file upload.pdb (PDB, C-alpha atoms)
ATOM      1  CA  ASP A   9     -10.584   6.855  30.238  1.00  0.00           C
ATOM      2  CA  VAL A  10     -13.813   7.525  28.337  1.00  0.00           C
ATOM      3  CA  LYS A  11     -16.658   5.300  29.269  1.00  0.00           C
ATOM      4  CA  VAL A  12     -19.534   4.674  26.899  1.00  0.00           C
ATOM      5  CA  THR A  13     -22.375   2.583  28.268  1.00  0.00           C
ATOM      6  CA  GLN A  14     -25.467   1.159  26.651  1.00  0.00           C
ATOM      7  CA  SER A  15     -28.645   0.369  28.523  1.00  0.00           C
ATOM      8  CA  SER A  16     -28.897  -3.298  27.542  1.00  0.00           C
ATOM      9  CA  ARG A  17     -26.511  -5.977  26.274  1.00  0.00           C
ATOM     10  CA  TYR A  18     -29.305  -8.192  24.989  1.00  0.00           C
ATOM     11  CA  LEU A  19     -32.879  -7.339  24.071  1.00  0.00           C
ATOM     12  CA  VAL A  20     -35.748  -9.393  22.680  1.00  0.00           C
ATOM     13  CA  LYS A  21     -38.739  -7.541  21.237  1.00  0.00           C
ATOM     14  CA  ARG A  22     -41.777  -8.374  19.172  1.00  0.00           C
ATOM     15  CA  THR A  23     -42.596  -7.033  15.724  1.00  0.00           C
ATOM     16  CA  GLY A  24     -44.379  -3.690  15.964  1.00  0.00           C
ATOM     17  CA  GLU A  25     -43.052  -2.772  19.396  1.00  0.00           C
ATOM     18  CA  LYS A  26     -41.436   0.598  20.022  1.00  0.00           C
ATOM     19  CA  VAL A  27     -37.858   0.050  21.153  1.00  0.00           C
ATOM     20  CA  PHE A  28     -35.542   2.456  22.964  1.00  0.00           C
ATOM     21  CA  LEU A  29     -31.774   1.961  23.011  1.00  0.00           C
ATOM     22  CA  GLU A  30     -29.923   4.277  25.344  1.00  0.00           C
ATOM     23  CA  CYS A  31     -26.301   5.372  25.181  1.00  0.00           C
ATOM     24  CA  VAL A  32     -24.475   7.446  27.779  1.00  0.00           C
ATOM     25  CA  GLN A  33     -20.921   8.809  27.718  1.00  0.00           C
ATOM     26  CA  ASP A  34     -19.140  10.375  30.650  1.00  0.00           C
ATOM     27  CA  MET A  35     -16.488  12.600  29.025  1.00  0.00           C
ATOM     28  CA  ASP A  36     -18.483  15.575  27.757  1.00  0.00           C
ATOM     29  CA  HIS A  37     -17.996  14.527  24.129  1.00  0.00           C
ATOM     30  CA  GLU A  38     -19.930  16.537  21.591  1.00  0.00           C
ATOM     31  CA  ASN A  39     -20.073  13.884  18.874  1.00  0.00           C
ATOM     32  CA  MET A  40     -22.179  10.760  19.271  1.00  0.00           C
ATOM     33  CA  PHE A  41     -23.072   8.059  16.766  1.00  0.00           C
ATOM     34  CA  TRP A  42     -25.291   5.026  16.330  1.00  0.00           C
ATOM     35  CA  TYR A  43     -24.142   2.168  14.108  1.00  0.00           C
ATOM     36  CA  ARG A  44     -25.565  -1.238  13.394  1.00  0.00           C
ATOM     37  CA  GLN A  45     -23.232  -4.159  12.801  1.00  0.00           C
ATOM     38  CA  ASP A  46     -24.149  -7.079  10.550  1.00  0.00           C
ATOM     39  CA  PRO A  47     -21.850  -9.875   9.321  1.00  0.00           C
ATOM     40  CA  GLY A  48     -20.149  -8.984   6.053  1.00  0.00           C
ATOM     41  CA  LEU A  49     -21.569  -5.471   6.059  1.00  0.00           C
ATOM     42  CA  GLY A  50     -19.319  -3.941   8.676  1.00  0.00           C
ATOM     43  CA  LEU A  51     -20.663  -1.066  10.714  1.00  0.00           C
ATOM     44  CA  ARG A  52     -23.264   1.105   9.053  1.00  0.00           C
ATOM     45  CA  LEU A  53     -24.127   4.569  10.329  1.00  0.00           C
ATOM     46  CA  ILE A  54     -27.752   5.086  11.331  1.00  0.00           C
ATOM     47  CA  TYR A  55     -27.726   8.571  12.888  1.00  0.00           C
ATOM     48  CA  PHE A  56     -25.227  10.940  14.433  1.00  0.00           C
ATOM     49  CA  SER A  57     -25.227  14.092  16.494  1.00  0.00           C
ATOM     50  CA  TYR A  58     -22.603  16.817  16.866  1.00  0.00           C
ATOM     51  CA  ASP A  59     -24.423  18.716  19.623  1.00  0.00           C
ATOM     52  CA  VAL A  60     -27.432  18.696  21.927  1.00  0.00           C
ATOM     53  CA  LYS A  61     -30.749  18.775  20.047  1.00  0.00           C
ATOM     54  CA  MET A  62     -28.859  18.240  16.803  1.00  0.00           C
ATOM     55  CA  LYS A  63     -29.200  15.087  14.690  1.00  0.00           C
ATOM     56  CA  GLU A  64     -28.180  14.052  11.209  1.00  0.00           C
ATOM     57  CA  LYS A  65     -29.157  11.020   9.157  1.00  0.00           C
ATOM     58  CA  GLY A  66     -26.505   8.501   8.378  1.00  0.00           C
ATOM     59  CA  ASP A  67     -26.520   5.901   5.631  1.00  0.00           C
ATOM     60  CA  ILE A  68     -29.441   3.780   6.855  1.00  0.00           C
ATOM     61  CA  PRO A  69     -31.864   5.952   8.889  1.00  0.00           C
ATOM     62  CA  GLU A  70     -35.098   4.362   7.654  1.00  0.00           C
ATOM     63  CA  GLY A  71     -37.162   2.918  10.486  1.00  0.00           C
ATOM     64  CA  TYR A  72     -35.132   4.710  13.163  1.00  0.00           C
ATOM     65  CA  SER A  73     -35.180   8.028  14.969  1.00  0.00           C
ATOM     66  CA  VAL A  74     -32.927   9.541  17.633  1.00  0.00           C
ATOM     67  CA  SER A  75     -33.059  11.922  20.541  1.00  0.00           C
ATOM     68  CA  ARG A  76     -30.292  14.031  22.105  1.00  0.00           C
ATOM     69  CA  GLU A  77     -31.807  16.091  24.903  1.00  0.00           C
ATOM     70  CA  LYS A  78     -28.620  16.073  26.991  1.00  0.00           C
ATOM     71  CA  LYS A  79     -25.016  16.121  25.878  1.00  0.00           C
ATOM     72  CA  GLU A  80     -24.156  12.820  27.536  1.00  0.00           C
ATOM     73  CA  ARG A  81     -27.136  10.810  26.273  1.00  0.00           C
ATOM     74  CA  PHE A  82     -28.007   9.735  22.733  1.00  0.00           C
ATOM     75  CA  SER A  83     -31.053   7.526  22.285  1.00  0.00           C
ATOM     76  CA  LEU A  84     -31.942   5.376  19.311  1.00  0.00           C
ATOM     77  CA  ILE A  85     -35.632   4.661  18.757  1.00  0.00           C
ATOM     78  CA  LEU A  86     -37.157   1.954  16.617  1.00  0.00           C
ATOM     79  CA  GLU A  87     -40.642   3.304  16.027  1.00  0.00           C
ATOM     80  CA  SER A  88     -42.126  -0.060  15.047  1.00  0.00           C
ATOM     81  CA  ALA A  89     -39.618  -2.877  15.275  1.00  0.00           C
ATOM     82  CA  SER A  90     -39.347  -5.256  12.338  1.00  0.00           C
ATOM     83  CA  THR A  91     -37.472  -8.538  11.960  1.00  0.00           C
ATOM     84  CA  ASN A  92     -34.936  -6.950   9.593  1.00  0.00           C
ATOM     85  CA  GLN A  93     -33.836  -4.726  12.470  1.00  0.00           C
ATOM     86  CA  THR A  94     -32.442  -7.727  14.305  1.00  0.00           C
ATOM     87  CA  SER A  95     -28.803  -6.747  14.665  1.00  0.00           C
ATOM     88  CA  MET A  96     -25.997  -5.576  16.923  1.00  0.00           C
ATOM     89  CA  TYR A  97     -26.274  -1.872  17.724  1.00  0.00           C
ATOM     90  CA  LEU A  98     -23.151   0.057  18.669  1.00  0.00           C
ATOM     91  CA  CYS A  99     -23.032   3.539  20.093  1.00  0.00           C
ATOM     92  CA  ALA A 100     -19.869   5.666  19.951  1.00  0.00           C
ATOM     93  CA  SER A 101     -18.668   9.078  21.071  1.00  0.00           C
ATOM     94  CA  SER A 102     -15.726  11.242  20.039  1.00  0.00           C
ATOM     95  CA  LEU A 103     -14.192  14.679  20.595  1.00  0.00           C
ATOM     96  CA  GLY A 104     -11.944  15.440  17.672  1.00  0.00           C
ATOM     97  CA  GLY A 105     -10.173  12.169  18.263  1.00  0.00           C
ATOM     98  CA  HIS A 106     -10.801   8.540  17.807  1.00  0.00           C
ATOM     99  CA  PHE A 107     -14.097   6.844  18.487  1.00  0.00           C
ATOM    100  CA  ASN A 108     -14.965   5.262  21.819  1.00  0.00           C
ATOM    101  CA  PHE A 109     -17.491   2.492  21.365  1.00  0.00           C
ATOM    102  CA  GLY A 110     -20.025   1.178  23.819  1.00  0.00           C
ATOM    103  CA  PRO A 111     -20.327  -2.571  24.482  1.00  0.00           C
ATOM    104  CA  GLY A 112     -23.179  -2.975  22.015  1.00  0.00           C
ATOM    105  CA  THR A 113     -26.792  -4.098  22.287  1.00  0.00           C
ATOM    106  CA  ARG A 114     -27.753  -7.301  20.535  1.00  0.00           C
ATOM    107  CA  LEU A 115     -31.390  -6.887  19.520  1.00  0.00           C
ATOM    108  CA  LEU A 116     -33.581  -9.764  18.410  1.00  0.00           C
ATOM    109  CA  VAL A 117     -36.963  -8.884  16.896  1.00  0.00           C
ATOM    110  CA  LEU A 118     -39.388 -11.802  16.764  1.00  0.00           C
TER     111      LEU A 118
ATOM    112  CA  GLY B   3     -21.125   9.727   0.167  1.00  0.00           C
ATOM    113  CA  GLU B   4     -17.995   7.803   1.062  1.00  0.00           C
ATOM    114  CA  ASN B   5     -17.721   4.125   0.221  1.00  0.00           C
ATOM    115  CA  VAL B   6     -15.066   1.877   1.762  1.00  0.00           C
ATOM    116  CA  GLU B   7     -14.318  -1.602   0.466  1.00  0.00           C
ATOM    117  CA  GLN B   8     -12.215  -4.078   2.420  1.00  0.00           C
ATOM    118  CA  HIS B   9     -10.477  -7.291   1.309  1.00  0.00           C
ATOM    119  CA  PRO B  10     -10.234 -10.108   2.074  1.00  0.00           C
ATOM    120  CA  SER B  11     -13.299 -10.900   4.139  1.00  0.00           C
ATOM    121  CA  THR B  12     -11.485 -13.801   5.815  1.00  0.00           C
ATOM    122  CA  LEU B  13      -7.780 -14.440   6.201  1.00  0.00           C
ATOM    123  CA  SER B  14      -6.081 -17.457   7.737  1.00  0.00           C
ATOM    124  CA  VAL B  15      -2.339 -17.428   8.482  1.00  0.00           C
ATOM    125  CA  GLN B  16       0.145 -19.522  10.420  1.00  0.00           C
ATOM    126  CA  GLU B  17       1.508 -18.108  13.622  1.00  0.00           C
ATOM    127  CA  GLY B  18       4.596 -16.042  12.837  1.00  0.00           C
ATOM    128  CA  ASP B  19       3.525 -15.198   9.297  1.00  0.00           C
ATOM    129  CA  SER B  20       2.509 -11.728   8.143  1.00  0.00           C
ATOM    130  CA  ALA B  21      -1.052 -10.620   7.411  1.00  0.00           C
ATOM    131  CA  VAL B  22      -2.138  -7.834   5.071  1.00  0.00           C
ATOM    132  CA  ILE B  23      -5.618  -6.331   4.842  1.00  0.00           C
ATOM    133  CA  LYS B  24      -6.449  -3.838   2.114  1.00  0.00           C
ATOM    134  CA  CYS B  25      -9.060  -1.099   1.846  1.00  0.00           C
ATOM    135  CA  THR B  26     -10.078   1.323  -0.844  1.00  0.00           C
ATOM    136  CA  TYR B  27     -12.104   4.497  -0.417  1.00  0.00           C
ATOM    137  CA  SER B  28     -14.021   6.626  -2.877  1.00  0.00           C
ATOM    138  CA  ASP B  29     -14.051  10.191  -1.542  1.00  0.00           C
ATOM    139  CA  SER B  30     -10.802  12.067  -2.114  1.00  0.00           C
ATOM    140  CA  ALA B  31     -11.809  14.481   0.668  1.00  0.00           C
ATOM    141  CA  SER B  32     -11.344  11.751   3.299  1.00  0.00           C
ATOM    142  CA  ASN B  33      -8.232  12.451   5.331  1.00  0.00           C
ATOM    143  CA  TYR B  34      -8.360  10.216   8.406  1.00  0.00           C
ATOM    144  CA  PHE B  35      -8.077   6.427   8.275  1.00  0.00           C
ATOM    145  CA  PRO B  36      -8.344   4.396  11.487  1.00  0.00           C
ATOM    146  CA  TRP B  37      -8.202   0.633  11.956  1.00  0.00           C
ATOM    147  CA  TYR B  38     -10.236  -1.157  14.603  1.00  0.00           C
ATOM    148  CA  LYS B  39      -9.864  -4.621  16.090  1.00  0.00           C
ATOM    149  CA  GLN B  40     -12.916  -6.396  17.454  1.00  0.00           C
ATOM    150  CA  GLU B  41     -12.444  -9.536  19.492  1.00  0.00           C
ATOM    151  CA  LEU B  42     -15.324 -11.932  19.871  1.00  0.00           C
ATOM    152  CA  GLY B  43     -18.075 -10.440  22.028  1.00  0.00           C
ATOM    153  CA  LYS B  44     -16.211  -7.191  22.599  1.00  0.00           C
ATOM    154  CA  ARG B  45     -16.439  -3.640  21.334  1.00  0.00           C
ATOM    155  CA  PRO B  46     -14.192  -2.389  18.489  1.00  0.00           C
ATOM    156  CA  GLN B  47     -10.911  -0.928  19.717  1.00  0.00           C
ATOM    157  CA  LEU B  48      -8.666   1.458  17.795  1.00  0.00           C
ATOM    158  CA  ILE B  49      -5.316  -0.148  17.024  1.00  0.00           C
ATOM    159  CA  ILE B  50      -3.726   2.373  14.673  1.00  0.00           C
ATOM    160  CA  ASP B  51      -4.692   5.346  12.537  1.00  0.00           C
ATOM    161  CA  ILE B  52      -3.147   7.445   9.807  1.00  0.00           C
ATOM    162  CA  ARG B  53      -3.823  10.898   8.453  1.00  0.00           C
ATOM    163  CA  SER B  54      -3.551  11.904   4.817  1.00  0.00           C
ATOM    164  CA  ASN B  55      -0.358  13.907   5.293  1.00  0.00           C
ATOM    165  CA  VAL B  56       1.515  10.721   6.232  1.00  0.00           C
ATOM    166  CA  GLY B  57       2.333   7.776   3.971  1.00  0.00           C
ATOM    167  CA  GLU B  58       3.156   5.165   6.585  1.00  0.00           C
ATOM    168  CA  LYS B  59       2.885   4.660  10.325  1.00  0.00           C
ATOM    169  CA  LYS B  60       4.211   1.862  12.529  1.00  0.00           C
ATOM    170  CA  ASP B  61       3.475   0.680  16.034  1.00  0.00           C
ATOM    171  CA  GLN B  62       5.470  -2.394  17.030  1.00  0.00           C
ATOM    172  CA  ARG B  63       4.147  -5.277  14.888  1.00  0.00           C
ATOM    173  CA  ILE B  64       1.455  -3.205  13.219  1.00  0.00           C
ATOM    174  CA  ALA B  65       1.872  -0.794  10.319  1.00  0.00           C
ATOM    175  CA  VAL B  66      -0.482   1.089   8.058  1.00  0.00           C
ATOM    176  CA  THR B  67       0.309   2.482   4.615  1.00  0.00           C
ATOM    177  CA  LEU B  68      -1.682   5.033   2.659  1.00  0.00           C
ATOM    178  CA  ASN B  69      -1.657   5.769  -1.071  1.00  0.00           C
ATOM    179  CA  LYS B  70      -3.730   8.926  -1.567  1.00  0.00           C
ATOM    180  CA  THR B  71      -3.383   8.871  -5.350  1.00  0.00           C
ATOM    181  CA  ALA B  72      -4.803   5.371  -5.627  1.00  0.00           C
ATOM    182  CA  LYS B  73      -7.157   5.925  -2.680  1.00  0.00           C
ATOM    183  CA  HIS B  74      -6.179   2.804  -0.831  1.00  0.00           C
ATOM    184  CA  PHE B  75      -4.680   1.975   2.520  1.00  0.00           C
ATOM    185  CA  SER B  76      -3.480  -1.251   4.081  1.00  0.00           C
ATOM    186  CA  LEU B  77      -2.897  -2.822   7.478  1.00  0.00           C
ATOM    187  CA  HIS B  78       0.194  -4.968   7.930  1.00  0.00           C
ATOM    188  CA  ILE B  79       0.655  -7.267  10.914  1.00  0.00           C
ATOM    189  CA  THR B  80       4.023  -8.988  11.217  1.00  0.00           C
ATOM    190  CA  GLU B  81       4.935 -12.020  13.350  1.00  0.00           C
ATOM    191  CA  THR B  82       1.288 -12.832  13.916  1.00  0.00           C
ATOM    192  CA  GLN B  83       0.238 -14.418  17.196  1.00  0.00           C
ATOM    193  CA  PRO B  84      -2.944 -16.325  18.142  1.00  0.00           C
ATOM    194  CA  GLU B  85      -4.151 -13.280  20.104  1.00  0.00           C
ATOM    195  CA  ASP B  86      -4.211 -11.321  16.840  1.00  0.00           C
ATOM    196  CA  SER B  87      -7.212 -13.442  15.828  1.00  0.00           C
ATOM    197  CA  ALA B  88     -10.172 -11.042  15.574  1.00  0.00           C
ATOM    198  CA  VAL B  89     -12.255  -9.069  13.108  1.00  0.00           C
ATOM    199  CA  TYR B  90     -10.475  -5.999  11.754  1.00  0.00           C
ATOM    200  CA  PHE B  91     -12.269  -2.978  10.320  1.00  0.00           C
ATOM    201  CA  CYS B  92     -10.851  -0.156   8.274  1.00  0.00           C
ATOM    202  CA  ALA B  93     -12.625   3.189   8.144  1.00  0.00           C
ATOM    203  CA  ALA B  94     -12.402   6.605   6.529  1.00  0.00           C
ATOM    204  CA  SER B  95     -13.580  10.062   7.492  1.00  0.00           C
ATOM    205  CA  MET B  96     -13.097  13.732   6.760  1.00  0.00           C
ATOM    206  CA  GLY B  97     -11.309  14.503   9.985  1.00  0.00           C
ATOM    207  CA  ALA B  98     -10.748  12.651  13.228  1.00  0.00           C
ATOM    208  CA  GLY B  99     -13.869  12.633  15.381  1.00  0.00           C
ATOM    209  CA  ASN B 100     -16.224  12.998  12.450  1.00  0.00           C
ATOM    210  CA  MET B 101     -18.498  10.265  11.187  1.00  0.00           C
ATOM    211  CA  LEU B 102     -16.646   7.158  10.077  1.00  0.00           C
ATOM    212  CA  THR B 103     -17.489   5.007   7.065  1.00  0.00           C
ATOM    213  CA  PHE B 104     -16.403   1.432   7.717  1.00  0.00           C
ATOM    214  CA  GLY B 105     -15.304  -1.379   5.472  1.00  0.00           C
ATOM    215  CA  GLY B 106     -17.040  -4.755   5.677  1.00  0.00           C
ATOM    216  CA  GLY B 107     -14.467  -6.261   8.028  1.00  0.00           C
ATOM    217  CA  THR B 108     -11.838  -9.003   7.794  1.00  0.00           C
ATOM    218  CA  ARG B 109     -11.904 -12.042  10.035  1.00  0.00           C
ATOM    219  CA  LEU B 110      -8.274 -12.914  10.747  1.00  0.00           C
ATOM    220  CA  MET B 111      -7.482 -16.362  12.087  1.00  0.00           C
ATOM    221  CA  VAL B 112      -3.958 -17.100  13.287  1.00  0.00           C
ATOM    222  CA  LYS B 113      -3.304 -20.831  13.560  1.00  0.00           C
ATOM    223  CA  PRO B 114      -0.808 -21.955  16.187  1.00  0.00           C
TER     224      PRO B 114
END

call {"tool": "encode", "arguments": {"input": "upload.pdb", "output": "structure tokens"}}
result
Amino acid sequence: DVKVTQSSRYLVKRTGEKVFLECVQDMDHENMFWYRQDPGLGLRLIYFSYDVKMKEKGDIPEGYSVSREKKERFSLILESASTNQTSMYLCASSLGGHFNFGPGTRLLVL
Amino acid sequence: GENVEQHPSTLSVQEGDSAVIKCTYSDSASNYFPWYKQELGKRPQLIIDIRSNVGEKKDQRIAVTLNKTAKHFSLHITETQPEDSAVYFCAASMGAGNMLTFGGGTRLMVKP
């Protein structure tokens, strides 16, 4: 069974801080995704990657960047956290099949 | 890009009744339509999916229908039980494994 893990379940940061959210999958999946989940808005795609060193912008990339140096790890970076980035962040991986989601990181920016 | 709309945003039913959630999509190139269930505090889990070459798919009490011409698809849950209470998301993509565009979610409440 695919396991997708995220570095933190809960995170509290201050405005202006640089924030790193880590996601690791253990099944050699090529495709990895970062979504944010907000009530009434569903899951919105921030960035995705179909291979190492490769990244593509999703629907809401502003204020975020990503890094995929190794196949199993996909990092989401908030360059300068703002209060409107308070949200639930979900990582997912896939290999031609359905998505496997991580447990999510609930980020609060004060 | 793709846009997926989902209705209703909340749905309350009595235990044993049926529940229907509807989604529309905008991009006719989309060909894979999964449904996810997210229980409180947990990650979304795939419950059923359908591909564009199929009009209907069933799995026990759950069924999904797809109308490619009208660009809409629906989730049907029969004989609802309290454990069906959750948030349900529809999604669309151009091929399984590719990026998914999600609807806004439906909070289903099944009253005992």

call {"tool": "residues_around", "arguments": {"input": "upload.pdb", "residues": "segment 37-54 of chain B", "least_positions_apart": "5", "cutoff": "7 Å", "atoms": "only C-alpha atoms", "output": "list in words"}}
result
Phe109, Gly110, Pro111 and Gly112 of chain A; Lys59, Ala88, Val89, Tyr90, Phe91, Cys92 and Ala93 of chain B

call {"tool": "resolve_selection", "arguments": {"input": "upload.pdb", "expression": "the ChimeraX specification (/A :<6) & /B", "output": "PyMOL selection string"}}
result
chain B and resi 45+98-99+104-107

call {"tool": "resolve_selection", "arguments": {"input": "upload.pdb", "expression": "the PyMOL selection byres ((chain A and resi 79-82) around 8)", "output": "PyMOL selection string"}}
result
chain A and resi 30-38+40-41+59-60+74-78+83-84

call {"tool": "atom_distance", "arguments": {"input": "upload.pdb", "atom1": "atom CA of Val112 of chain B", "atom2": "atom CA of Tyr97 of chain A"}}
result
27.4 Å

call {"tool": "atom_distance", "arguments": {"input": "upload.pdb", "atom1": "atom CA of Ser95 of chain B", "atom2": "atom CA of Ala31 of chain B"}}
result
8.3 Å

call {"tool": "resolve_selection", "arguments": {"input": "upload.pdb", "expression": "the PyMOL selection byres ((chain B and resi 29) around 10)", "output": "PDB file with C-alpha atoms, in the frame of the given file"}}
result
ATOM      1  CA  GLY B   3     -21.125   9.727   0.167  1.00  0.00           C
ATOM      2  CA  GLU B   4     -17.995   7.803   1.062  1.00  0.00           C
ATOM      3  CA  ASN B   5     -17.721   4.125   0.221  1.00  0.00           C
ATOM      4  CA  VAL B   6     -15.066   1.877   1.762  1.00  0.00           C
ATOM      5  CA  THR B  26     -10.078   1.323  -0.844  1.00  0.00           C
ATOM      6  CA  TYR B  27     -12.104   4.497  -0.417  1.00  0.00           C
ATOM      7  CA  SER B  28     -14.021   6.626  -2.877  1.00  0.00           C
ATOM      8  CA  SER B  30     -10.802  12.067  -2.114  1.00  0.00           C
ATOM      9  CA  ALA B  31     -11.809  14.481   0.668  1.00  0.00           C
ATOM     10  CA  SER B  32     -11.344  11.751   3.299  1.00  0.00           C
ATOM     11  CA  ASN B  33      -8.232  12.451   5.331  1.00  0.00           C
ATOM     12  CA  LYS B  73      -7.157   5.925  -2.680  1.00  0.00           C
ATOM     13  CA  ALA B  94     -12.402   6.605   6.529  1.00  0.00           C
ATOM     14  CA  SER B  95     -13.580  10.062   7.492  1.00  0.00           C
ATOM     15  CA  MET B  96     -13.097  13.732   6.760  1.00  0.00           C
TER      16      MET B  96
END

call {"tool": "atom_distance", "arguments": {"input": "upload.pdb", "atom1": "atom CA of Pro69 of chain A", "atom2": "atom CA of Leu118 of chain A"}}
result
20.8 Å

call {"tool": "residues_around", "arguments": {"input": "upload.pdb", "residues": "Ser95 of chain A", "least_positions_apart": "4", "cutoff": "9 Å", "atoms": "all atoms listed in the file", "output": "JSON, numbers by chain"}}
result
{"A": [44, 45, 46, 113, 114, 115, 116, 117]}

call {"tool": "residues_around", "arguments": {"input": "upload.pdb", "residues": "Gln83 of chain B", "least_positions_apart": "5", "cutoff": "10 Å", "atoms": "all atoms listed in the file", "output": "ChimeraX atom specification"}}
result
/B:15-20,111-114

call {"tool": "residues_near_point", "arguments": {"input": "upload.pdb", "point": "(-14.0, -16.2, 4.8)", "cutoff": "9 Å", "atoms": "only C-alpha atoms", "output": "compact mmCIF listing (two decimals) with C-alpha atoms, keeping the file's coordinate frame"}}
result
# COMPACT_ATOMS: atom_id res chain seq x y z
CA PRO B 10 -10.23 -10.11 2.07
CA SER B 11 -13.30 -10.90 4.14
CA THR B 12 -11.48 -13.80 5.82
CA LEU B 13 -7.78 -14.44 6.20
CA SER B 14 -6.08 -17.46 7.74
CA THR B 108 -11.84 -9.00 7.79
CA ARG B 109 -11.90 -12.04 10.04
CA LEU B 110 -8.27 -12.91 10.75

call {"tool": "closest_residue", "arguments": {"input": "upload.pdb", "among": "A:Glu70, A:Ser88, A:Glu64, A:Met96", "to": "Arg17 of chain A", "atoms": "all atoms listed in the file"}}
result
A:Met96

call {"tool": "closest_residue", "arguments": {"input": "upload.pdb", "among": "B:Thr67, B:Gln8, B:Ala21, B:Glu58", "to": "Glu81 of chain B", "atoms": "only C-alpha atoms"}}
result
B:Ala21

call {"tool": "closest_residue", "arguments": {"input": "upload.pdb", "among": "B:Lys70, B:Gln62, B:Tyr34, B:Asn55", "to": "Thr103 of chain B", "atoms": "all atoms listed in the file"}}
result
B:Tyr34
